[in-house]
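Next up, upload-v4.cif (mmCIF, C-alpha atoms):
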```cif
data_protein
loop_
_atom_site.label_atom_id
_atom_site.label_comp_id
_atom_site.auth_asym_id
_atom_site.auth_seq_id
_atom_site.Cartn_x
_atom_site.Cartn_y
_atom_site.Cartn_z
CA MET A 1 34.92 26.17 19.16
CA PRO A 2 33.21 28.01 16.25
CA ALA A 3 33.57 31.79 16.11
CA VAL A 4 30.45 33.70 17.13
CA ASP A 5 29.18 36.08 14.45
CA ILE A 6 28.31 39.30 16.25
CA ARG A 7 27.22 41.18 13.13
CA SER A 8 23.63 42.32 12.89
CA LEU A 9 21.38 39.83 11.13
CA GLU A 10 20.58 42.50 8.57
CA ASP A 11 24.23 42.54 7.52
CA LEU A 12 24.43 38.84 6.86
CA ALA A 13 24.52 37.45 3.36
CA GLU A 14 21.99 34.77 2.58
CA PRO A 15 24.19 31.72 3.32
CA GLU A 16 25.21 33.28 6.63
CA LEU A 17 21.60 34.02 7.47
CA VAL A 18 20.70 30.41 6.76
CA GLU A 19 23.56 29.31 8.97
CA ALA A 20 22.31 31.64 11.72
CA CYS A 21 18.88 30.01 11.44
CA ARG A 22 20.41 26.58 11.75
CA ALA A 23 22.37 27.69 14.78
CA GLY A 24 19.13 28.90 16.35
CA ARG A 25 20.16 32.54 16.48
CA PRO A 26 17.17 34.56 17.73
CA GLY A 27 15.43 36.53 15.02
CA ALA A 28 17.24 34.86 12.13
CA PHE A 29 14.30 32.92 10.81
CA ASP A 30 12.01 35.89 11.45
CA LEU A 31 14.18 37.84 9.04
CA VAL A 32 13.88 35.11 6.42
CA VAL A 33 10.11 35.29 6.80
CA GLU A 34 10.14 39.07 6.58
CA ARG A 35 12.18 39.04 3.38
CA HIS A 36 10.17 36.39 1.59
CA ARG A 37 6.66 36.59 3.05
CA ARG A 38 5.24 38.74 0.29
CA ALA A 39 6.50 36.51 -2.53
CA VAL A 40 5.31 33.37 -0.76
CA TYR A 41 1.91 34.84 0.00
CA LEU A 42 1.40 36.01 -3.59
CA LEU A 43 2.42 32.60 -4.91
CA CYS A 44 -0.10 30.90 -2.60
CA TYR A 45 -2.77 33.40 -3.51
CA ARG A 46 -2.29 32.65 -7.19
CA PHE A 47 -2.98 29.01 -6.49
CA VAL A 48 -5.92 29.29 -4.12
CA GLY A 49 -7.48 32.64 -4.95
CA THR A 50 -8.51 33.66 -1.44
CA HIS A 51 -6.73 35.66 1.19
CA GLU A 52 -7.54 33.33 4.06
CA ASP A 53 -6.29 30.18 2.35
CA ALA A 54 -3.23 31.98 1.02
CA SER A 55 -2.39 33.03 4.59
CA ASP A 56 -2.74 29.49 5.89
CA LEU A 57 -0.66 28.06 3.07
CA SER A 58 2.01 30.73 3.52
CA GLN A 59 2.35 29.80 7.16
CA ASP A 60 2.64 26.16 6.17
CA VAL A 61 5.34 26.95 3.61
CA PHE A 62 7.46 28.76 6.19
CA LEU A 63 6.95 26.05 8.77
CA ARG A 64 8.13 23.43 6.28
CA ALA A 65 11.05 25.64 5.38
CA PHE A 66 11.98 25.90 9.06
CA ARG A 67 11.86 22.11 9.40
CA GLY A 68 13.87 21.60 6.24
CA LEU A 69 16.54 24.24 6.73
CA ARG A 70 19.11 21.61 7.69
CA SER A 71 18.70 19.98 4.31
CA PHE A 72 19.04 23.25 2.39
CA ARG A 73 22.43 22.98 0.73
CA GLY A 74 22.48 26.39 -0.91
CA GLN A 75 22.58 25.01 -4.45
CA SER A 76 19.75 27.36 -5.34
CA THR A 77 18.81 30.68 -3.83
CA LEU A 78 16.68 30.69 -0.72
CA ALA A 79 13.89 32.27 -2.77
CA THR A 80 13.94 29.46 -5.32
CA TRP A 81 13.96 26.90 -2.53
CA LEU A 82 10.98 28.59 -0.86
CA TYR A 83 9.15 28.70 -4.19
CA ARG A 84 9.76 24.99 -4.58
CA ILE A 85 8.26 24.32 -1.17
CA GLY A 86 5.41 26.70 -1.95
CA VAL A 87 4.52 25.07 -5.25
CA ASN A 88 4.59 21.63 -3.66
CA VAL A 89 2.43 22.72 -0.74
CA CYS A 90 -0.06 24.42 -3.04
CA LEU A 91 -0.26 21.62 -5.57
CA ASN A 92 -0.59 18.97 -2.90
CA ARG A 93 -3.10 20.79 -0.78
CA VAL A 94 -5.31 22.36 -3.34
CA SER A 95 -7.12 20.60 -6.09
CA ALA A 96 -8.57 22.50 -9.01
CA LYS A 97 -12.04 21.75 -7.64
CA ASP A 98 -11.17 23.34 -4.32
CA THR A 99 -9.85 26.42 -6.06
CA LEU A 100 -12.98 26.81 -8.14
CA ARG A 101 -15.08 26.59 -4.99
CA ARG A 102 -12.94 29.15 -3.21
CA LEU A 103 -13.09 31.52 -6.14
CA THR A 104 -16.80 31.96 -5.61
CA THR A 105 -16.01 33.88 -2.42
CA PRO A 106 -16.44 37.58 -3.16
CA ILE A 107 -13.06 39.27 -2.91
CA GLU A 108 -14.46 42.33 -1.20
CA ALA A 109 -15.79 40.12 1.57
CA GLN A 110 -12.30 38.99 2.44
CA GLN A 111 -10.55 40.29 5.48
CA PHE A 112 -7.54 42.56 5.14
CA VAL A 113 -8.04 43.31 1.45
CA ASP A 114 -7.73 47.00 0.70
CA VAL A 115 -10.35 48.01 -1.91
CA ARG A 116 -10.87 51.62 -0.88
CA ALA A 117 -9.25 53.22 -3.92
CA GLU A 118 -11.59 51.79 -6.55
CA LEU A 119 -15.09 52.64 -7.76
CA PRO A 120 -17.61 49.88 -7.02
CA SER A 121 -18.56 49.44 -10.69
CA ASP A 122 -14.95 49.17 -11.81
CA LEU A 123 -14.23 46.83 -8.99
CA MET A 124 -17.11 44.57 -9.96
CA LEU A 125 -16.03 44.38 -13.60
CA ARG A 126 -12.45 43.75 -12.69
CA ASN A 127 -13.40 41.08 -10.19
CA GLU A 128 -15.59 39.34 -12.72
CA ARG A 129 -12.86 39.33 -15.35
CA ASN A 130 -10.23 38.21 -12.87
CA ALA A 131 -12.45 35.46 -11.53
CA ARG A 132 -12.96 34.04 -15.03
CA VAL A 133 -9.25 33.95 -15.73
CA ARG A 134 -8.41 32.56 -12.30
CA ALA A 135 -11.02 29.86 -12.69
CA ALA A 136 -9.54 28.93 -16.07
CA ILE A 137 -6.02 28.83 -14.60
CA ALA A 138 -7.30 26.65 -11.76
CA ARG A 139 -8.43 24.10 -14.34
CA LEU A 140 -5.02 23.79 -15.96
CA PRO A 141 -2.98 20.65 -15.38
CA ARG A 142 -0.69 20.96 -12.35
CA LYS A 143 2.62 21.62 -14.08
CA GLN A 144 1.09 23.96 -16.62
CA ARG A 145 -0.58 25.88 -13.84
CA ALA A 146 2.60 26.15 -11.80
CA THR A 147 4.61 27.20 -14.84
CA LEU A 148 2.12 29.86 -15.86
CA ILE A 149 1.96 31.29 -12.35
CA LEU A 150 5.72 31.38 -11.81
CA ARG A 151 6.46 32.82 -15.23
CA THR A 152 3.64 35.34 -15.49
CA TYR A 153 3.27 36.61 -11.95
CA HIS A 154 6.66 36.00 -10.39
CA GLU A 155 8.73 36.77 -13.45
CA MET A 156 11.01 33.84 -12.84
CA SER A 157 13.32 32.78 -15.65
CA HIS A 158 12.69 29.50 -17.42
CA GLN A 159 15.79 28.10 -15.75
CA GLU A 160 14.55 29.11 -12.28
CA ILE A 161 11.18 27.53 -12.97
CA ALA A 162 12.93 24.39 -14.15
CA ASP A 163 14.83 24.34 -10.84
CA VAL A 164 11.64 24.77 -8.85
CA LEU A 165 9.70 22.13 -10.76
CA GLY A 166 12.60 19.76 -11.24
CA SER A 167 12.33 19.75 -15.03
CA SER A 168 14.23 21.07 -18.05
CA VAL A 169 14.09 24.51 -19.62
CA GLY A 170 12.62 22.97 -22.76
CA ALA A 171 9.86 21.31 -20.74
CA VAL A 172 9.11 24.59 -18.97
CA LYS A 173 8.75 26.46 -22.27
CA ALA A 174 6.56 23.71 -23.67
CA ASN A 175 4.41 23.76 -20.52
CA PHE A 176 4.09 27.51 -20.73
CA PHE A 177 3.07 27.33 -24.37
CA HIS A 178 0.46 24.65 -23.71
CA ALA A 179 -0.81 26.45 -20.59
CA LEU A 180 -1.55 29.57 -22.62
CA GLY A 181 -3.19 27.49 -25.35
CA SER A 182 -5.36 25.72 -22.79
CA LEU A 183 -6.21 29.04 -21.16
CA LYS A 184 -7.52 30.39 -24.47
CA LYS A 185 -9.62 27.29 -24.94
CA LEU A 186 -11.04 27.41 -21.41
CA LEU A 187 -11.87 31.10 -21.61
CA GLY A 188 -13.62 30.42 -24.90
CA GLU A 189 -15.80 27.85 -23.15
CA THR A 190 -16.93 30.21 -20.39
CA PRO A 191 -20.16 32.09 -21.19
CA MET B 192 8.32 25.18 -47.03
CA THR B 193 10.18 24.67 -43.74
CA MET B 194 8.67 22.99 -40.70
CA HIS B 195 6.41 24.93 -38.31
CA LEU B 196 8.07 26.66 -35.40
CA ALA B 197 8.39 24.63 -32.21
CA SER B 198 6.55 25.74 -29.10
CA GLU B 199 9.85 26.74 -27.49
CA ASP B 200 10.71 29.01 -30.43
CA LEU B 201 7.28 30.62 -30.32
CA VAL B 202 7.62 31.28 -26.59
CA ASP B 203 11.05 32.87 -27.12
CA ILE B 204 9.68 35.12 -29.87
CA ALA B 205 6.53 36.02 -27.88
CA GLU B 206 8.64 36.96 -24.86
CA GLY B 207 11.06 38.94 -27.00
CA THR B 208 14.16 36.92 -26.21
CA ARG B 209 14.35 36.06 -29.88
CA SER B 210 13.50 38.40 -32.74
CA GLU B 211 10.79 37.64 -35.27
CA ALA B 212 13.30 38.34 -38.00
CA SER B 213 15.41 35.43 -36.88
CA ALA B 214 12.59 33.06 -37.75
CA GLN B 215 12.14 33.46 -41.49
CA HIS B 216 9.44 30.84 -41.45
CA LEU B 217 7.09 33.26 -39.70
CA ALA B 218 6.85 35.54 -42.73
CA ALA B 219 5.62 32.69 -44.90
CA CYS B 220 3.41 30.77 -42.45
CA ASP B 221 -0.02 32.09 -41.49
CA SER B 222 -0.50 29.27 -38.99
CA CYS B 223 2.63 30.08 -36.99
CA ARG B 224 1.84 33.81 -37.05
CA GLU B 225 -1.61 33.08 -35.71
CA ARG B 226 -0.20 30.91 -32.93
CA LEU B 227 2.21 33.68 -32.01
CA ILE B 228 -0.61 36.24 -31.86
CA ASP B 229 -2.67 33.93 -29.63
CA LEU B 230 0.28 33.37 -27.38
CA ARG B 231 0.91 37.07 -26.89
CA SER B 232 -2.78 37.73 -26.36
CA MET B 233 -3.09 35.07 -23.62
CA MET B 234 0.10 36.29 -21.93
CA SER B 235 -1.48 39.70 -21.71
CA VAL B 236 -4.81 38.36 -20.42
CA ALA B 237 -3.09 36.34 -17.71
CA LYS B 238 -0.80 39.20 -16.75
CA ASP B 239 -3.74 41.52 -16.15
CA VAL B 240 -5.09 39.42 -13.30
CA ASP B 241 -3.82 41.09 -10.19
CA VAL B 242 -3.82 40.04 -6.57
CA PRO B 243 -5.77 42.27 -4.20
CA GLU B 244 -3.25 44.01 -2.01
CA PRO B 245 -3.59 42.92 1.61
CA SER B 246 -3.72 45.51 4.33
CA PRO B 247 -0.25 46.73 5.40
CA LEU B 248 -1.06 45.26 8.80
CA PHE B 249 -1.34 41.82 7.32
CA TRP B 250 2.39 41.26 6.83
CA ASP B 251 3.22 41.62 10.50
CA HIS B 252 0.22 39.46 11.30
CA LEU B 253 1.58 36.75 8.99
CA SER B 254 5.05 37.03 10.54
CA SER B 255 3.55 36.64 14.02
CA ARG B 256 1.61 33.57 12.97
CA VAL B 257 4.69 31.96 11.47
CA SER B 258 6.78 32.89 14.49
CA ALA B 259 4.24 31.32 16.85
CA ALA B 260 4.03 28.18 14.73
CA VAL B 261 7.81 27.88 14.59
CA ALA B 262 8.08 28.41 18.35
CA ALA B 263 5.50 25.71 18.95
CA GLU B 264 7.39 23.42 16.60
CA ALA B 265 10.71 24.11 18.30
CA SER B 266 9.27 23.40 21.76
CA VAL B 267 8.24 19.87 20.78
CA PRO B 268 11.06 17.48 21.76
CA GLN B 269 12.65 15.93 18.72
CA PRO B 270 13.11 12.16 18.73
CA ASN B 271 16.75 11.28 19.32
CA ARG B 272 18.58 8.69 17.36
CA TRP B 273 18.69 6.18 20.22
CA SER B 274 14.95 6.18 20.63
CA ASP B 275 14.58 5.78 16.87
CA ARG B 276 16.86 2.77 16.99
CA LEU B 277 15.00 1.27 19.92
CA THR B 278 11.71 1.72 18.12
CA ALA B 279 13.16 0.10 15.04
CA LEU B 280 14.59 -2.71 17.13
CA ALA B 281 11.27 -3.30 18.85
CA GLY B 282 9.70 -3.52 15.42
CA VAL B 283 12.18 -6.18 14.32
CA ARG B 284 11.68 -8.12 17.54
CA ALA B 285 7.93 -8.05 17.08
CA VAL B 286 8.28 -9.42 13.56
CA GLN B 287 10.60 -12.15 14.82
CA ALA B 288 8.11 -13.07 17.52
CA ILE B 289 5.33 -13.29 14.96
CA PHE B 290 7.52 -15.65 12.94
CA VAL B 291 8.07 -17.80 16.00
CA LEU B 292 4.34 -17.95 16.65
CA ALA B 293 3.56 -18.76 13.02
CA ALA B 294 6.27 -21.39 12.99
CA SER B 295 4.83 -23.01 16.11
CA LEU B 296 1.39 -23.16 14.54
CA LEU B 297 2.84 -24.63 11.38
CA LEU B 298 4.65 -27.25 13.43
CA VAL B 299 1.49 -28.30 15.27
CA PHE B 300 -0.40 -28.40 12.00
CA ALA B 301 2.29 -30.47 10.31
CA ILE B 302 2.43 -33.02 13.13
CA ASN B 303 -1.34 -33.37 13.28
CA ARG B 304 -1.53 -33.81 9.53
CA ARG B 305 1.19 -36.45 9.41
CA LEU B 306 -0.04 -38.42 12.40
CA PRO B 307 -3.83 -38.76 12.46
CA VAL B 308 -5.12 -40.43 15.59
CA PRO B 309 -6.53 -43.85 14.62
CA PRO B 310 -9.64 -45.29 16.29
CA VAL B 311 -8.67 -46.76 19.61
CA ALA B 312 -9.95 -50.25 18.79
CA GLU B 313 -7.90 -50.47 15.64
CA ALA B 314 -4.85 -48.71 16.86
CA PRO B 315 -1.82 -50.85 16.17
CA VAL B 316 0.59 -51.07 19.00
CA LEU B 317 3.91 -50.11 17.60
CA THR B 318 7.07 -49.95 19.56
CA THR B 319 10.27 -48.31 18.75
CA ALA B 320 11.91 -51.66 18.63
CA GLU B 321 9.49 -52.87 15.88
CA THR B 322 9.75 -49.83 13.65
CA GLY B 323 13.33 -49.01 14.30
CA ALA B 324 12.38 -45.34 14.72
CA ASP B 325 10.36 -43.11 16.95
CA PRO B 326 6.96 -42.76 15.18
CA LEU B 327 6.46 -39.29 16.61
CA VAL B 328 9.69 -37.88 15.33
CA VAL B 329 9.14 -36.32 11.96
CA THR B 330 12.35 -34.80 10.76
CA ALA B 331 12.76 -31.83 8.47
CA ASP B 332 14.25 -34.17 5.90
CA GLU B 333 10.94 -36.03 5.68
CA ASP B 334 8.65 -33.04 5.53
CA ALA B 335 9.25 -29.89 3.46
CA SER B 336 6.95 -27.85 5.69
CA LEU B 337 9.23 -28.56 8.63
CA THR B 338 12.18 -27.28 6.65
CA VAL B 339 10.34 -23.98 6.37
CA VAL B 340 9.57 -24.05 10.09
CA ALA B 341 13.17 -24.81 10.93
CA SER B 342 14.42 -21.94 8.82
CA LEU B 343 11.89 -19.55 10.34
CA THR B 344 12.73 -20.43 13.91
CA ASP B 345 16.45 -20.59 13.40
CA GLY B 346 18.08 -18.11 15.73
CA GLN B 347 14.86 -17.25 17.54
CA ASP B 348 14.75 -17.72 21.28
CA LEU B 349 12.48 -17.26 24.25
CA GLU B 350 14.07 -13.89 24.87
CA THR B 351 12.54 -12.68 21.62
CA VAL B 352 9.12 -13.93 22.66
CA ARG B 353 9.40 -12.25 26.05
CA GLU B 354 10.53 -8.91 24.61
CA ALA B 355 7.70 -8.94 22.12
CA GLY B 356 5.23 -9.14 25.02
CA LEU B 357 3.96 -12.58 24.09
CA ALA B 358 4.78 -14.00 27.51
CA PRO B 359 2.99 -11.85 30.08
CA ARG B 360 4.00 -12.21 33.71
CA GLY B 361 2.03 -14.96 35.44
CA SER B 362 1.44 -16.95 32.28
CA ALA B 363 2.87 -20.40 31.54
CA GLU B 364 4.82 -18.84 28.68
CA HIS B 365 6.40 -16.42 31.09
CA ALA B 366 7.36 -19.26 33.45
CA VAL B 367 9.04 -21.04 30.55
CA THR B 368 11.07 -17.98 29.70
CA GLN B 369 12.49 -18.02 33.23
CA LEU B 370 13.94 -21.56 32.95
CA SER B 371 17.65 -22.24 32.58
CA ASP B 372 19.03 -24.15 29.59
CA SER B 373 19.27 -27.42 31.51
CA GLU B 374 15.75 -26.99 32.85
CA LEU B 375 14.50 -26.34 29.34
CA ARG B 376 16.20 -29.48 28.05
CA GLU B 377 14.55 -31.50 30.84
CA LEU B 378 11.16 -29.94 30.09
CA ARG B 379 11.55 -30.80 26.41
CA ARG B 380 12.40 -34.40 27.28
CA LEU B 381 9.41 -34.75 29.61
CA LEU B 382 7.05 -33.28 27.02
CA ASN B 383 8.30 -35.68 24.36
CA GLU B 384 7.78 -38.60 26.70
CA GLU B 385 4.29 -37.44 27.54
CA LEU B 386 3.40 -36.93 23.87
CA ALA B 387 4.68 -40.40 23.01
CA ARG B 388 2.70 -41.96 25.85
CA SER B 389 -0.56 -40.24 24.94
CA GLY B 390 -0.20 -41.08 21.25
CA ALA B 391 -0.84 -37.50 20.23
#
```
Is it possible to express this structure as structure tokens?
Amino acid sequence: MPAVDIRSLEDLAEPELVEACRAGRPGAFDLVVERHRRAVYLLCYRFVGTHEDASDLSQDVFLRAFRGLRSFRGQSTLATWLYRIGVNVCLNRVSAKDTLRRLTTPIEAQQFVDVRAELPSDLMLRNERNARVRAAIARLPRKQRATLILRTYHEMSHQEIADVLGSSVGAVKANFFHALGSLKKLLGETP
Amino acid sequence: MTMHLASEDLVDIAEGTRSEASAQHLAACDSCRERLIDLRSMMSVAKDVDVPEPSPLFWDHLSSRVSAAVAAEASVPQPNRWSDRLTALAGVRAVQAIFVLAASLLLVFAINRRLPVPPVAEAPVLTTAETGADPLVVTADEDASLTVVASLTDGQDLETVREAGLAPRGSAEHAVTQLSDSELRELRRLLNEELARSGA
């Protein structure tokens, strides 16, 4: 009979927390969600550009993670594994066309977004600039887009990105280089 | 003049993991310097795009949504391995039954093709004694299509047909599936006799 771990979930190291999830220990998966929800949400937001869609996709990522926990072998960190699921969910669910359509939604109209600390004129300028760049990123090829997002906004190492995307470090650097080149070209095209 | 810097080298220099001084080519190549400047500029442009911070309440809201979805997922009974196997088995049986049906159709087609019914007035009266063989018996050796049929039906039985639902209760097919081996042999003999008599 396996020994019962009576330590608080908060005290468990990551592999033990994963094991607690697999064993169905109450609250274990909630803690995984709590620890990674921000990173997953931000990743999804970078792909879809709206709060509502990012929320839906985040939920989907965690649900898939819950289903797949038994197959998680701990060869990468839980964060990297969740990023991998997140990138797959985002790339599969969201086409560039969808993202461009979503980006037309005014950010200030979105629920939950806190915009109280900014002047309206500054906010408008910033939104306009951000929307142009986001729209350009949304038009990048899938792997370039994923590489740019993971490297620029999640500060993942090239090796971690290679693990997430299932490619080599050299390919990740090349993708990053070409993504930035394409971004310059696309921003040059926008009026 | 050395070759231009590779994209990987330019990324390393732009990110600062490699010093510019280590790439002597840069000092002499306007093109590579320009690419490096563009790279750094676009990294900065991309970096400046922030994500609007959700309300602090949102995180608990997201956790609740995930928790509810996970609870709903966990409450759905998972298929056990036995039911999976049964489903798979049923699938195999169905395929086998389809083969049996196709083989039967092929057999009927082959017999009809080989033995066209002649006009009654001109029909020669042949007996087994005259020909030395049963005219209705077409063996697999004589017809390649029957070889295919024989191979398809090999190992198939009425049990397969019944399990695949092709012999509903009350049908003639169902009645056949209820016969014993000796009864089936007798039925086969009677049918052959009847077929021979009718000249089909």
Practice problem: Provide the atom CA of B:Ala293 to atom CA of B:Ser373 distance in Å, to one decimal place. | Solution: 25.8 Å
Quiz item: In Å, how far is it from atom CA of A:Glu14 to atom CA of A:Ala28?
Solution: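 These two atoms are separated by 10.7 Å.
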Practice problem: Grab the atom CA of A:Pro15 to atom CA of A:Leu91 distance for me, in Å with one decimal place. | Solution: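 Rounded to one decimal, the two atoms are 27.9 Å apart.
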Exercise. Step by step, work through what the PyMOL selection byres ((chain B) within 12 of (chain A)) selects in the shown file, and finish by giving those residues as JSON, numbers by chain.
Key: {"B": [197, 198, 199, 200, 201, 202, 203, 204, 205, 206, 208, 225, 226, 227, 228, 229, 230, 231, 232, 233, 234, 235, 236, 237, 238, 239, 240, 241, 242, 243, 244, 245, 246, 247, 248, 249, 250, 251, 252, 253, 254, 255, 256, 257, 258, 259, 260, 261, 262, 263, 264, 265, 269]}
Quiz prompt | Contact residues around A:Ala13 with only C-alpha atoms at 12 Å, ignoring same-chain residues under 3 positions, as a PyMOL selection string | solution = chain A and resi 7-10+16-20+28+31-32+77-78
Quiz prompt | Residues matched by the PyMOL selection byres ((chain B and resi 211-219) around 9) as a list in words | solution = Met192, Thr193, Met194, His195, Leu196, Asp200, Ile204, Ala205, Gly207, Arg209, Ser210, Cys220, Asp221, Ser222, Cys223 and Arg224 of chain B
Please save C-alpha atoms of the selected residues as a PDB file, in the frame of the given file.
```pdb
ATOM      1  CA  MET B 192       8.320  25.180 -47.030  1.00  0.00           C
ATOM      2  CA  THR B 193      10.180  24.670 -43.740  1.00  0.00           C
ATOM      3  CA  MET B 194       8.670  22.990 -40.700  1.00  0.00           C
ATOM      4  CA  HIS B 195       6.410  24.930 -38.310  1.00  0.00           C
ATOM      5  CA  LEU B 196       8.070  26.660 -35.400  1.00  0.00           C
ATOM      6  CA  ASP B 200      10.710  29.010 -30.430  1.00  0.00           C
ATOM      7  CA  ILE B 204       9.680  35.120 -29.870  1.00  0.00           C
ATOM      8  CA  ALA B 205       6.530  36.020 -27.880  1.00  0.00           C
ATOM      9  CA  GLY B 207      11.060  38.940 -27.000  1.00  0.00           C
ATOM     10  CA  ARG B 209      14.350  36.060 -29.880  1.00  0.00           C
ATOM     11  CA  SER B 210      13.500  38.400 -32.740  1.00  0.00           C
ATOM     12  CA  CYS B 220       3.410  30.770 -42.450  1.00  0.00           C
ATOM     13  CA  ASP B 221      -0.020  32.090 -41.490  1.00  0.00           C
ATOM     14  CA  SER B 222      -0.500  29.270 -38.990  1.00  0.00           C
ATOM     15  CA  CYS B 223       2.630  30.080 -36.990  1.00  0.00           C
ATOM     16  CA  ARG B 224       1.840  33.810 -37.050  1.00  0.00           C
TER      17      ARG B 224
END
```
Exercise. Would you kindly translate the PyMOL selection byres ((chain A and resi 80) around 12) into the concrete residues it picks from this file, as a ChimeraX atom specification?
Key: /A:36,39-40,43,65,72,74-79,81-87,150,154,156-157,159-166
